[in-house]
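Data file: query_18.cif. Format and content: mmCIF, C-alpha atoms.
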```
data_input
#
loop_
_atom_site.group_PDB
_atom_site.id
_atom_site.type_symbol
_atom_site.label_atom_id
_atom_site.label_comp_id
_atom_site.auth_asym_id
_atom_site.auth_seq_id
_atom_site.Cartn_x
_atom_site.Cartn_y
_atom_site.Cartn_z
ATOM 1 C CA MET A 90 45.528 54.737 -12.464
ATOM 2 C CA ASN A 91 43.720 54.127 -15.719
ATOM 3 C CA LYS A 92 45.828 54.069 -18.862
ATOM 4 C CA ARG A 93 44.960 55.146 -22.363
ATOM 5 C CA ARG A 94 46.582 54.276 -25.675
ATOM 6 C CA LEU A 95 48.804 56.990 -27.126
ATOM 7 C CA GLY A 96 47.636 56.603 -30.689
ATOM 8 C CA LYS A 97 49.593 54.543 -33.173
ATOM 9 C CA SER A 98 52.632 54.492 -30.866
ATOM 10 C CA GLY A 99 50.918 51.637 -29.030
ATOM 11 C CA LEU A 100 52.202 53.048 -25.738
ATOM 12 C CA PHE A 101 49.741 52.962 -22.856
ATOM 13 C CA VAL A 102 50.078 56.091 -20.764
ATOM 14 C CA THR A 103 48.459 57.073 -17.498
ATOM 15 C CA GLU A 104 45.519 59.451 -17.803
ATOM 16 C CA ILE A 105 47.378 61.901 -15.604
ATOM 17 C CA GLY A 106 50.991 62.421 -16.591
ATOM 18 C CA LEU A 107 53.514 64.971 -15.401
ATOM 19 C CA GLY A 108 54.617 68.083 -17.222
ATOM 20 C CA THR A 109 58.090 69.155 -16.114
ATOM 21 C CA TRP A 110 58.351 72.774 -17.212
ATOM 22 C CA GLN A 111 58.266 73.829 -13.543
ATOM 23 C CA LEU A 112 59.932 70.702 -12.171
ATOM 24 C CA GLY A 113 61.988 71.709 -9.149
ATOM 25 C CA ALA A 114 61.640 75.402 -10.028
ATOM 26 C CA LYS A 115 58.321 76.879 -8.991
ATOM 27 C CA TRP A 116 57.244 79.644 -11.369
ATOM 28 C CA GLY A 117 60.586 81.323 -11.932
ATOM 29 C CA GLU A 118 62.473 80.130 -8.862
ATOM 30 C CA PRO A 119 65.949 78.554 -9.300
ATOM 31 C CA PHE A 120 66.023 74.858 -10.168
ATOM 32 C CA ASP A 121 66.440 72.491 -7.213
ATOM 33 C CA GLU A 122 67.493 68.971 -8.222
ATOM 34 C CA THR A 123 66.554 67.433 -4.858
ATOM 35 C CA ILE A 124 63.017 68.776 -5.046
ATOM 36 C CA ALA A 125 62.822 67.695 -8.685
ATOM 37 C CA LEU A 126 63.787 64.105 -7.865
ATOM 38 C CA ASP A 127 61.433 64.034 -4.864
ATOM 39 C CA THR A 128 58.617 65.210 -7.144
ATOM 40 C CA LEU A 129 59.392 62.561 -9.748
ATOM 41 C CA ASN A 130 59.525 59.858 -7.089
ATOM 42 C CA ALA A 131 56.165 61.015 -5.733
ATOM 43 C CA ALA A 132 54.698 60.784 -9.214
ATOM 44 C CA LEU A 133 55.996 57.263 -9.709
ATOM 45 C CA LYS A 134 54.665 56.211 -6.321
ATOM 46 C CA ALA A 135 51.268 57.626 -7.291
ATOM 47 C CA GLY A 136 51.254 55.503 -10.444
ATOM 48 C CA VAL A 137 52.239 58.081 -13.074
ATOM 49 C CA ASN A 138 54.114 56.531 -16.006
ATOM 50 C CA PHE A 139 54.223 59.405 -18.527
ATOM 51 C CA TYR A 140 56.671 62.290 -18.121
ATOM 52 C CA ASP A 141 56.817 65.179 -20.570
ATOM 53 C CA THR A 142 59.866 67.427 -20.767
ATOM 54 C CA ALA A 143 61.873 69.519 -23.255
ATOM 55 C CA ASP A 144 65.511 70.240 -23.846
ATOM 56 C CA VAL A 145 64.998 73.901 -22.896
ATOM 57 C CA TYR A 146 63.202 73.299 -19.591
ATOM 58 C CA ASN A 147 65.425 74.691 -16.867
ATOM 59 C CA GLY A 148 68.268 74.813 -19.359
ATOM 60 C CA GLY A 149 68.300 71.031 -19.711
ATOM 61 C CA ALA A 150 68.117 70.378 -15.966
ATOM 62 C CA SER A 151 64.637 68.834 -16.217
ATOM 63 C CA GLU A 152 65.879 66.282 -18.744
ATOM 64 C CA ALA A 153 68.934 65.559 -16.606
ATOM 65 C CA ALA A 154 66.774 64.988 -13.530
ATOM 66 C CA LEU A 155 64.558 62.614 -15.513
ATOM 67 C CA GLY A 156 67.626 60.740 -16.664
ATOM 68 C CA LEU A 157 68.795 60.225 -13.078
ATOM 69 C CA PHE A 158 65.285 59.297 -12.015
ATOM 70 C CA LYS A 159 64.733 56.686 -14.717
ATOM 71 C CA ASN A 160 68.111 55.070 -14.136
ATOM 72 C CA LYS A 161 67.276 54.685 -10.434
ATOM 73 C CA HIS A 162 64.068 52.858 -11.376
ATOM 74 C CA LEU A 163 65.149 50.571 -14.196
ATOM 75 C CA ASN A 164 62.430 48.028 -13.415
ATOM 76 C CA ALA A 165 59.633 50.603 -13.574
ATOM 77 C CA TYR A 166 57.638 51.282 -16.729
ATOM 78 C CA ILE A 167 58.527 54.923 -17.315
ATOM 79 C CA ILE A 168 57.804 56.721 -20.601
ATOM 80 C CA ILE A 169 59.670 59.953 -21.240
ATOM 81 C CA ALA A 170 58.622 62.340 -23.980
ATOM 82 C CA THR A 171 60.863 65.270 -24.754
ATOM 83 C CA LYS A 172 60.741 68.160 -27.193
ATOM 84 C CA ALA A 173 63.279 69.843 -29.446
ATOM 85 C CA GLY A 174 63.568 73.024 -31.446
ATOM 86 C CA ARG A 175 63.251 75.941 -29.072
ATOM 87 C CA TYR A 176 67.004 76.289 -28.719
ATOM 88 C CA LEU A 177 67.080 77.555 -32.294
ATOM 89 C CA ASN A 178 68.062 81.214 -32.437
ATOM 90 C CA PRO A 179 66.531 82.701 -34.414
ATOM 91 C CA HIS A 180 63.573 80.375 -34.072
ATOM 92 C CA ILE A 181 62.631 80.242 -37.754
ATOM 93 C CA ALA A 182 61.261 77.568 -40.075
ATOM 94 C CA LYS A 183 64.392 77.065 -42.198
ATOM 95 C CA SER A 184 66.352 76.143 -39.063
ATOM 96 C CA TYR A 185 64.165 73.065 -38.563
ATOM 97 C CA HIS A 186 66.406 70.822 -40.648
ATOM 98 C CA GLU A 187 67.884 67.407 -40.045
ATOM 99 C CA ALA A 188 71.298 68.487 -38.775
ATOM 100 C CA ASN A 189 69.918 70.825 -36.125
ATOM 101 C CA ILE A 190 67.269 68.436 -34.825
ATOM 102 C CA ARG A 191 69.773 65.578 -34.813
ATOM 103 C CA LYS A 192 72.106 67.608 -32.608
ATOM 104 C CA PHE A 193 69.266 68.381 -30.203
ATOM 105 C CA ILE A 194 68.362 64.687 -30.048
ATOM 106 C CA LEU A 195 71.931 63.661 -29.297
ATOM 107 C CA ASP A 196 72.164 66.270 -26.550
ATOM 108 C CA SER A 197 68.869 65.083 -25.035
ATOM 109 C CA LEU A 198 69.996 61.457 -25.143
ATOM 110 C CA GLN A 199 73.061 62.414 -23.135
ATOM 111 C CA ARG A 200 71.060 64.296 -20.501
ATOM 112 C CA LEU A 201 68.417 61.561 -20.313
ATOM 113 C CA LYS A 202 71.161 58.909 -19.970
ATOM 114 C CA THR A 203 69.573 56.675 -22.582
ATOM 115 C CA ASP A 204 70.238 55.513 -26.135
ATOM 116 C CA GLN A 205 66.696 55.983 -27.438
ATOM 117 C CA ILE A 206 63.980 58.577 -26.789
ATOM 118 C CA ASP A 207 60.500 57.150 -26.269
ATOM 119 C CA LEU A 208 58.732 60.082 -27.934
ATOM 120 C CA LEU A 209 60.326 63.125 -29.548
ATOM 121 C CA GLN A 210 58.108 66.126 -30.244
ATOM 122 C CA LEU A 211 58.925 69.167 -32.327
ATOM 123 C CA HIS A 212 58.493 72.041 -29.901
ATOM 124 C CA CYS A 213 55.908 74.452 -31.331
ATOM 125 C CA PRO A 214 57.841 75.322 -34.491
ATOM 126 C CA PRO A 215 56.739 78.022 -36.958
ATOM 127 C CA SER A 216 53.537 76.988 -38.719
ATOM 128 C CA SER A 217 55.140 76.255 -42.078
ATOM 129 C CA VAL A 218 57.236 73.461 -40.545
ATOM 130 C CA TYR A 219 54.153 71.271 -40.102
ATOM 131 C CA ALA A 220 53.432 71.375 -43.843
ATOM 132 C CA ASN A 221 57.002 70.692 -44.936
ATOM 133 C CA GLU A 222 57.279 67.072 -46.078
ATOM 134 C CA GLU A 223 61.033 67.133 -45.484
ATOM 135 C CA THR A 224 60.320 67.489 -41.757
ATOM 136 C CA TYR A 225 58.688 64.071 -41.637
ATOM 137 C CA ILE A 226 61.295 62.477 -43.871
ATOM 138 C CA PHE A 227 64.102 63.234 -41.445
ATOM 139 C CA MET A 228 61.940 62.379 -38.431
ATOM 140 C CA ASP A 229 61.268 58.979 -40.035
ATOM 141 C CA ARG A 230 65.009 58.633 -40.513
ATOM 142 C CA PHE A 231 65.621 59.189 -36.797
ATOM 143 C CA VAL A 232 63.180 56.356 -36.072
ATOM 144 C CA GLU A 233 64.892 54.076 -38.583
ATOM 145 C CA GLU A 234 68.252 54.820 -36.985
ATOM 146 C CA GLY A 235 66.906 53.963 -33.545
ATOM 147 C CA LEU A 236 67.509 57.403 -32.017
ATOM 148 C CA ILE A 237 63.797 57.764 -31.240
ATOM 149 C CA LYS A 238 60.967 55.243 -30.949
ATOM 150 C CA HIS A 239 58.141 57.555 -31.988
ATOM 151 C CA TYR A 240 57.612 61.178 -32.873
ATOM 152 C CA GLY A 241 54.941 63.808 -32.617
ATOM 153 C CA VAL A 242 54.492 67.554 -32.581
ATOM 154 C CA SER A 243 53.555 70.182 -30.052
ATOM 155 C CA VAL A 244 51.305 72.867 -31.526
ATOM 156 C CA GLU A 245 49.812 76.235 -30.682
ATOM 157 C CA THR A 246 46.799 76.186 -33.012
ATOM 158 C CA VAL A 247 44.148 73.786 -34.214
ATOM 159 C CA ASP A 248 45.158 74.565 -37.813
ATOM 160 C CA GLU A 249 48.701 73.376 -37.062
ATOM 161 C CA ALA A 250 47.320 70.222 -35.479
ATOM 162 C CA MET A 251 45.140 69.502 -38.493
ATOM 163 C CA GLU A 252 48.142 69.930 -40.812
ATOM 164 C CA ALA A 253 50.225 67.503 -38.740
ATOM 165 C CA LEU A 254 47.434 64.919 -38.967
ATOM 166 C CA LYS A 255 48.015 64.692 -42.722
ATOM 167 C CA HIS A 256 51.344 62.953 -42.167
ATOM 168 C CA PRO A 257 50.996 59.208 -41.508
ATOM 169 C CA HIS A 258 53.771 58.566 -38.999
ATOM 170 C CA VAL A 259 52.890 61.311 -36.513
ATOM 171 C CA ALA A 260 52.069 59.380 -33.332
ATOM 172 C CA SER A 261 50.962 62.226 -31.071
ATOM 173 C CA ILE A 262 49.979 65.856 -30.988
ATOM 174 C CA GLN A 263 50.386 67.990 -27.894
ATOM 175 C CA ILE A 264 47.936 70.863 -27.631
ATOM 176 C CA ILE A 265 46.443 73.274 -25.098
ATOM 177 C CA PHE A 266 42.954 72.224 -24.081
ATOM 178 C CA ASN A 267 41.065 73.178 -20.929
ATOM 179 C CA MET A 268 37.865 74.829 -19.729
ATOM 180 C CA PHE A 269 39.172 78.106 -21.171
ATOM 181 C CA ARG A 270 40.338 76.630 -24.507
ATOM 182 C CA LEU A 271 37.538 74.572 -26.049
ATOM 183 C CA LYS A 272 38.274 74.954 -29.753
ATOM 184 C CA PRO A 273 40.254 71.675 -30.108
ATOM 185 C CA MET A 274 37.165 69.597 -29.364
ATOM 186 C CA GLU A 275 35.234 70.978 -32.359
ATOM 187 C CA ILE A 276 36.952 69.095 -35.202
ATOM 188 C CA PHE A 277 40.434 68.133 -34.083
ATOM 189 C CA PHE A 278 39.541 65.480 -31.523
ATOM 190 C CA GLU A 279 37.502 63.347 -33.907
ATOM 191 C CA ALA A 280 40.044 63.829 -36.701
ATOM 192 C CA ALA A 281 42.857 62.630 -34.418
ATOM 193 C CA LYS A 282 40.863 59.542 -33.442
ATOM 194 C CA LYS A 283 40.321 58.674 -37.109
ATOM 195 C CA GLN A 284 44.063 58.973 -37.779
ATOM 196 C CA ASP A 285 44.944 57.040 -34.601
ATOM 197 C CA VAL A 286 46.966 59.942 -33.249
ATOM 198 C CA GLY A 287 47.309 60.341 -29.494
ATOM 199 C CA ILE A 288 46.514 63.671 -27.870
ATOM 200 C CA ILE A 289 48.643 65.056 -25.049
ATOM 201 C CA VAL A 290 46.943 67.950 -23.283
ATOM 202 C CA ARG A 291 49.118 70.657 -21.778
ATOM 203 C CA VAL A 292 48.288 73.820 -19.757
ATOM 204 C CA PRO A 293 45.209 72.071 -18.304
ATOM 205 C CA LEU A 294 44.808 74.593 -15.486
ATOM 206 C CA ALA A 295 45.403 77.703 -17.619
ATOM 207 C CA SER A 296 48.616 78.562 -15.755
ATOM 208 C CA GLY A 297 46.882 78.145 -12.416
ATOM 209 C CA LEU A 298 43.789 80.243 -13.146
ATOM 210 C CA LEU A 299 41.638 77.122 -13.024
ATOM 211 C CA SER A 300 42.989 76.193 -9.609
ATOM 212 C CA GLY A 301 40.479 78.674 -8.221
ATOM 213 C CA LYS A 302 43.119 80.027 -5.850
ATOM 214 C CA MET A 303 43.878 83.321 -7.571
ATOM 215 C CA ASN A 304 42.256 86.718 -7.175
ATOM 216 C CA ALA A 305 42.798 90.287 -8.361
ATOM 217 C CA GLU A 306 45.476 90.788 -5.686
ATOM 218 C CA THR A 307 47.547 87.744 -6.627
ATOM 219 C CA HIS A 308 51.192 88.749 -7.099
ATOM 220 C CA PHE A 309 53.549 87.177 -9.648
ATOM 221 C CA ASN A 310 57.282 87.737 -9.458
ATOM 222 C CA GLN A 311 59.065 89.275 -12.424
ATOM 223 C CA SER A 312 60.676 85.976 -13.457
ATOM 224 C CA ASP A 313 57.253 84.297 -13.709
ATOM 225 C CA HIS A 314 55.824 84.160 -17.241
ATOM 226 C CA ARG A 315 52.426 85.014 -15.748
ATOM 227 C CA PHE A 316 53.963 88.415 -15.046
ATOM 228 C CA TYR A 317 55.990 89.080 -18.199
ATOM 229 C CA ASN A 318 54.274 87.120 -20.979
ATOM 230 C CA ARG A 319 50.599 88.075 -20.778
ATOM 231 C CA ASP A 320 50.876 89.873 -24.118
ATOM 232 C CA GLY A 321 53.270 87.378 -25.687
ATOM 233 C CA ALA A 322 56.475 89.329 -25.060
ATOM 234 C CA ALA A 323 58.581 86.155 -24.710
ATOM 235 C CA PHE A 324 56.594 83.410 -26.478
ATOM 236 C CA ASP A 325 53.067 82.695 -27.668
ATOM 237 C CA LYS A 326 50.711 84.414 -25.260
ATOM 238 C CA GLY A 327 48.383 81.432 -25.454
ATOM 239 C CA GLU A 328 50.798 79.580 -23.167
ATOM 240 C CA THR A 329 50.082 82.081 -20.367
ATOM 241 C CA PHE A 330 46.598 81.804 -18.816
ATOM 242 C CA SER A 331 45.661 80.105 -22.138
ATOM 243 C CA GLY A 332 45.652 83.579 -23.634
ATOM 244 C CA VAL A 333 42.725 84.648 -21.459
ATOM 245 C CA ASN A 334 42.655 88.135 -19.966
ATOM 246 C CA PHE A 335 43.426 87.634 -16.277
ATOM 247 C CA ASN A 336 40.420 89.580 -14.970
ATOM 248 C CA ASP A 337 38.036 87.884 -17.406
ATOM 249 C CA GLY A 338 39.449 84.564 -16.289
ATOM 250 C CA LEU A 339 38.763 85.398 -12.648
ATOM 251 C CA LYS A 340 35.128 86.160 -13.495
ATOM 252 C CA ALA A 341 34.803 82.842 -15.310
ATOM 253 C CA VAL A 342 36.362 81.016 -12.367
ATOM 254 C CA GLU A 343 33.816 82.520 -9.998
ATOM 255 C CA ALA A 344 31.060 81.273 -12.280
ATOM 256 C CA LEU A 345 32.622 77.790 -12.325
ATOM 257 C CA LYS A 346 32.759 77.749 -8.536
ATOM 258 C CA LYS A 347 28.988 78.210 -8.470
ATOM 259 C CA VAL A 348 28.593 75.124 -10.665
ATOM 260 C CA PHE A 349 31.049 72.988 -8.678
ATOM 261 C CA VAL A 350 30.230 74.172 -5.178
ATOM 262 C CA GLY A 351 32.646 72.977 -2.514
ATOM 263 C CA GLN A 352 34.738 70.926 -4.935
ATOM 264 C CA ASN A 353 38.431 71.189 -5.759
ATOM 265 C CA LEU A 354 38.313 73.199 -8.977
ATOM 266 C CA ALA A 355 41.761 72.107 -10.135
ATOM 267 C CA GLN A 356 40.744 68.466 -9.905
ATOM 268 C CA ILE A 357 37.455 69.201 -11.653
ATOM 269 C CA ALA A 358 39.348 70.956 -14.457
ATOM 270 C CA LEU A 359 41.505 67.866 -14.975
ATOM 271 C CA ARG A 360 38.502 65.535 -14.807
ATOM 272 C CA TYR A 361 36.754 67.686 -17.407
ATOM 273 C CA ILE A 362 39.588 67.040 -19.873
ATOM 274 C CA LEU A 363 39.426 63.299 -19.246
ATOM 275 C CA MET A 364 35.766 63.318 -20.261
ATOM 276 C CA PHE A 365 37.000 63.315 -23.873
ATOM 277 C CA ASP A 366 38.098 59.883 -25.060
ATOM 278 C CA ALA A 367 40.285 61.372 -27.792
ATOM 279 C CA VAL A 368 42.628 62.582 -25.044
ATOM 280 C CA SER A 369 45.394 60.109 -24.235
ATOM 281 C CA THR A 370 46.876 61.926 -21.259
ATOM 282 C CA VAL A 371 46.865 65.297 -19.550
ATOM 283 C CA ILE A 372 50.132 66.689 -18.185
ATOM 284 C CA PRO A 373 49.654 69.146 -15.315
ATOM 285 C CA GLY A 374 52.857 70.496 -13.883
ATOM 286 C CA ALA A 375 54.107 69.971 -10.359
ATOM 287 C CA SER A 376 56.947 71.887 -8.773
ATOM 288 C CA ARG A 377 56.658 70.090 -5.437
ATOM 289 C CA PRO A 378 55.812 66.478 -4.410
ATOM 290 C CA GLU A 379 52.614 67.553 -2.663
ATOM 291 C CA HIS A 380 51.128 68.729 -5.961
ATOM 292 C CA ILE A 381 51.182 65.189 -7.344
ATOM 293 C CA THR A 382 48.548 63.734 -5.044
ATOM 294 C CA SER A 383 45.946 66.341 -5.927
ATOM 295 C CA ASN A 384 46.527 65.885 -9.645
ATOM 296 C CA VAL A 385 46.267 62.108 -9.547
ATOM 297 C CA LEU A 386 43.082 62.157 -7.491
ATOM 298 C CA ALA A 387 41.348 63.912 -10.382
ATOM 299 C CA ALA A 388 41.351 60.651 -12.338
ATOM 300 C CA GLU A 389 39.324 59.003 -9.576
ATOM 301 C CA LEU A 390 36.504 61.546 -9.599
ATOM 302 C CA PRO A 391 33.136 60.475 -11.035
ATOM 303 C CA PRO A 392 32.321 61.674 -14.555
ATOM 304 C CA LEU A 393 30.888 65.145 -14.884
ATOM 305 C CA THR A 394 27.162 65.241 -15.624
ATOM 306 C CA ALA A 395 25.719 66.447 -18.911
ATOM 307 C CA SER A 396 24.426 69.499 -17.078
ATOM 308 C CA GLN A 397 27.881 70.302 -15.698
ATOM 309 C CA MET A 398 29.487 69.856 -19.097
ATOM 310 C CA GLN A 399 26.954 72.249 -20.609
ATOM 311 C CA SER A 400 27.584 74.767 -17.833
ATOM 312 C CA VAL A 401 31.292 74.777 -18.624
ATOM 313 C CA LYS A 402 30.504 75.531 -22.268
ATOM 314 C CA ASP A 403 28.052 78.267 -21.301
ATOM 315 C CA ILE A 404 30.639 79.933 -19.067
ATOM 316 C CA TYR A 405 33.206 79.709 -21.844
ATOM 317 C CA ASP A 406 30.770 81.266 -24.311
ATOM 318 C CA THR A 407 29.945 84.071 -21.881
ATOM 319 C CA TYR A 408 33.390 85.063 -20.618
ATOM 320 C CA ILE A 409 36.044 83.573 -22.883
ATOM 321 C CA ARG A 410 35.030 82.700 -26.437
ATOM 322 C CA GLN A 411 34.978 86.160 -28.003
ATOM 323 C CA SER A 412 38.545 87.031 -27.032
ATOM 324 C CA VAL A 413 40.378 83.722 -27.626
ATOM 325 C CA HIS A 414 38.439 81.264 -29.783
ATOM 326 C CA HIS A 415 39.539 82.698 -33.130
ATOM 327 C CA LEU A 416 43.214 82.958 -32.149
ATOM 328 C CA TRP A 417 44.164 79.331 -31.595
#
```
Would you mind writing the structure in this file as structure tokens?
Amino acid sequence: MNKRRLGKSGLFVTEIGLGTWQLGAKWGEPFDETIALDTLNAALKAGVNFYDTADVYNGGASEAALGLFKNKHLNAYIIIATKAGRYLNPHIAKSYHEANIRKFILDSLQRLKTDQIDLLQLHCPPSSVYANEETYIFMDRFVEEGLIKHYGVSVETVDEAMEALKHPHVASIQIIFNMFRLKPMEIFFEAAKKQDVGIIVRVPLASGLLSGKMNAETHFNQSDHRFYNRDGAAFDKGETFSGVNFNDGLKAVEALKKVFVGQNLAQIALRYILMFDAVSTVIPGASRPEHITSNVLAAELPPLTASQMQSVKDIYDTYIRQSVHHLW
């Protein structure tokens, strides 16, 4: 698989990575370590070298599975990025201080069975954290101490991303970008390139909407965030269906199917993201090994045509823009 440079980190990551929010625990199901390890092994076999996790995913079980996985493949080039901060309760800006983040790092190191984290990302903290110079001072200190190799941030909004770009040692920014969330490409992408900051794209399929497999009768169990978080009851609603109204999203999907007749829409959605050279890697999730193959094949698809790219924008403008563009 093709690799792209992750900004000033100098790491070369596969275009398709793996997001591990649902690793071994499909949309609210209990975590299954065997399935998790099988999924990770399938990803490695398919050529994936970039694995994104967080200390809160499956209560730390995703990190622990990655630690076992990496230690079984010591000769493989495996990059693990994790995130910290969401264990804070209450999750407020003043709690993002050196002592708390240090504790989270030490806990992650133990679960990952390593002495240094490849990339640590602050996990969508309150907006004021990105502008606080003290944040970057202690993150630099963690690098100097050897606890982490590089650091970045995960953001909800373009404004947060633009603030993070002002700080010189930020290596990467993780952001939602997909056919239903086009705002990042307006100014952020070019700004990140100028600052040599890598972009990690999450929620590329809008929580499955862009798979093209859902309809008005699709049922979500009560432990699935697509059931309980549509209005942001548990966390930022932009993380669920990219903040798009479910029925509006279905209409947009039907329009996309008419543009990409007979094609795998999920793969097209991933290929669309890779059309932007500012993107370092995209991290679709996979709760089962069989999901890996489909994701990876997206990187082998031919580039979308100018006409297809314009059609995606037109569909966004028609069905999506008015309700979401100003929010993130």
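Rounded to one decimal, CA of Phe278 in chain A and CA of Leu209 in chain A lie 21.0 Å from each other.
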Item to complete: Go through A:Gly351, A:Gln199, A:Glu379, A:Arg191 one by one, measure the shortest atom-to-atom distance of each to Arg230 in chain A using all atoms listed in the file, and give the residue with the smallest value.
Response: A:Arg191
Practice prompt. Evaluate the PyMOL selection byres ((chain A and resi 94-101) around 6) and record the selected residues as a list in words, following the chain and residue labels used in the document.
Written response: Lys92, Arg93, Val102, Ala260, Asp285, Val286, Gly287 and Ser369 of chain A
Convert the current residue selection to file output with C-alpha atoms, as a PDB file, keeping the file's coordinate frame.
```
ATOM      1  CA  LYS A  92      45.828  54.069 -18.862  1.00  0.00           C
ATOM      2  CA  ARG A  93      44.960  55.146 -22.363  1.00  0.00           C
ATOM      3  CA  VAL A 102      50.078  56.091 -20.764  1.00  0.00           C
ATOM      4  CA  ALA A 260      52.069  59.380 -33.332  1.00  0.00           C
ATOM      5  CA  ASP A 285      44.944  57.040 -34.601  1.00  0.00           C
ATOM      6  CA  VAL A 286      46.966  59.942 -33.249  1.00  0.00           C
ATOM      7  CA  GLY A 287      47.309  60.341 -29.494  1.00  0.00           C
ATOM      8  CA  SER A 369      45.394  60.109 -24.235  1.00  0.00           C
TER       9      SER A 369
END
```
Worksheet item: Could you name the residues that touch range 182-189 of chain A at 7 Å or less, counting only C-alpha atoms, but leaving out those on the same chain fewer than 4 positions away, as a PyMOL selection string?
Response: chain A and resi 177+193+214-215+217-218+227
Fill in: Interatomic distance, CA of Leu157 in chain A to CA of Val145 in chain A (Å, one decimal)
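The value is 17.3 Å.
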For the PyMOL selection byres ((chain A and resi 294-296) around 7), applied here, can you spell out every residue it catches as a PDB file with C-alpha atoms, in the frame of the given file?
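And here's expr.pdb as it stands now:
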```pdb
ATOM      1  CA  ASN A 267      41.065  73.178 -20.929  1.00  0.00           C
ATOM      2  CA  VAL A 292      48.288  73.820 -19.757  1.00  0.00           C
ATOM      3  CA  PRO A 293      45.209  72.071 -18.304  1.00  0.00           C
ATOM      4  CA  GLY A 297      46.882  78.145 -12.416  1.00  0.00           C
ATOM      5  CA  LEU A 298      43.789  80.243 -13.146  1.00  0.00           C
ATOM      6  CA  LEU A 299      41.638  77.122 -13.024  1.00  0.00           C
ATOM      7  CA  SER A 300      42.989  76.193  -9.609  1.00  0.00           C
ATOM      8  CA  THR A 329      50.082  82.081 -20.367  1.00  0.00           C
ATOM      9  CA  PHE A 330      46.598  81.804 -18.816  1.00  0.00           C
ATOM     10  CA  SER A 331      45.661  80.105 -22.138  1.00  0.00           C
ATOM     11  CA  ALA A 355      41.761  72.107 -10.135  1.00  0.00           C
ATOM     12  CA  ALA A 358      39.348  70.956 -14.457  1.00  0.00           C
TER      13      ALA A 358
END
```
Discussion item. Neighbouring residues of Lys346 in chain A were defined as those with any atom within 12 Å, considering all atoms listed in the file; residues of the same chain fewer than 3 positions away were excluded. Please report them as a VMD selection string.
Written reply: chain A and resid 299 to 302 339 to 343 349 to 355 357 to 358 397 400 to 401 404
Discussion item. Report, in Å with one decimal, the straight-line distance from CA of Ala143 in chain A to CA of Lys172 in chain A.
Written reply: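 Straight-line distance from CA of Ala143 in chain A to CA of Lys172 in chain A works out to 4.3 Å.
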Discussion item. Once the PyMOL selection byres ((chain A and resi 203) around 12) is applied to the coordinates I shared, what remains selected? I want it as JSON, numbers by chain.
Written reply: {"A": [152, 153, 155, 156, 157, 158, 159, 160, 163, 168, 169, 194, 195, 196, 197, 198, 199, 200, 201, 202, 204, 205, 206, 207, 235, 236, 237]}
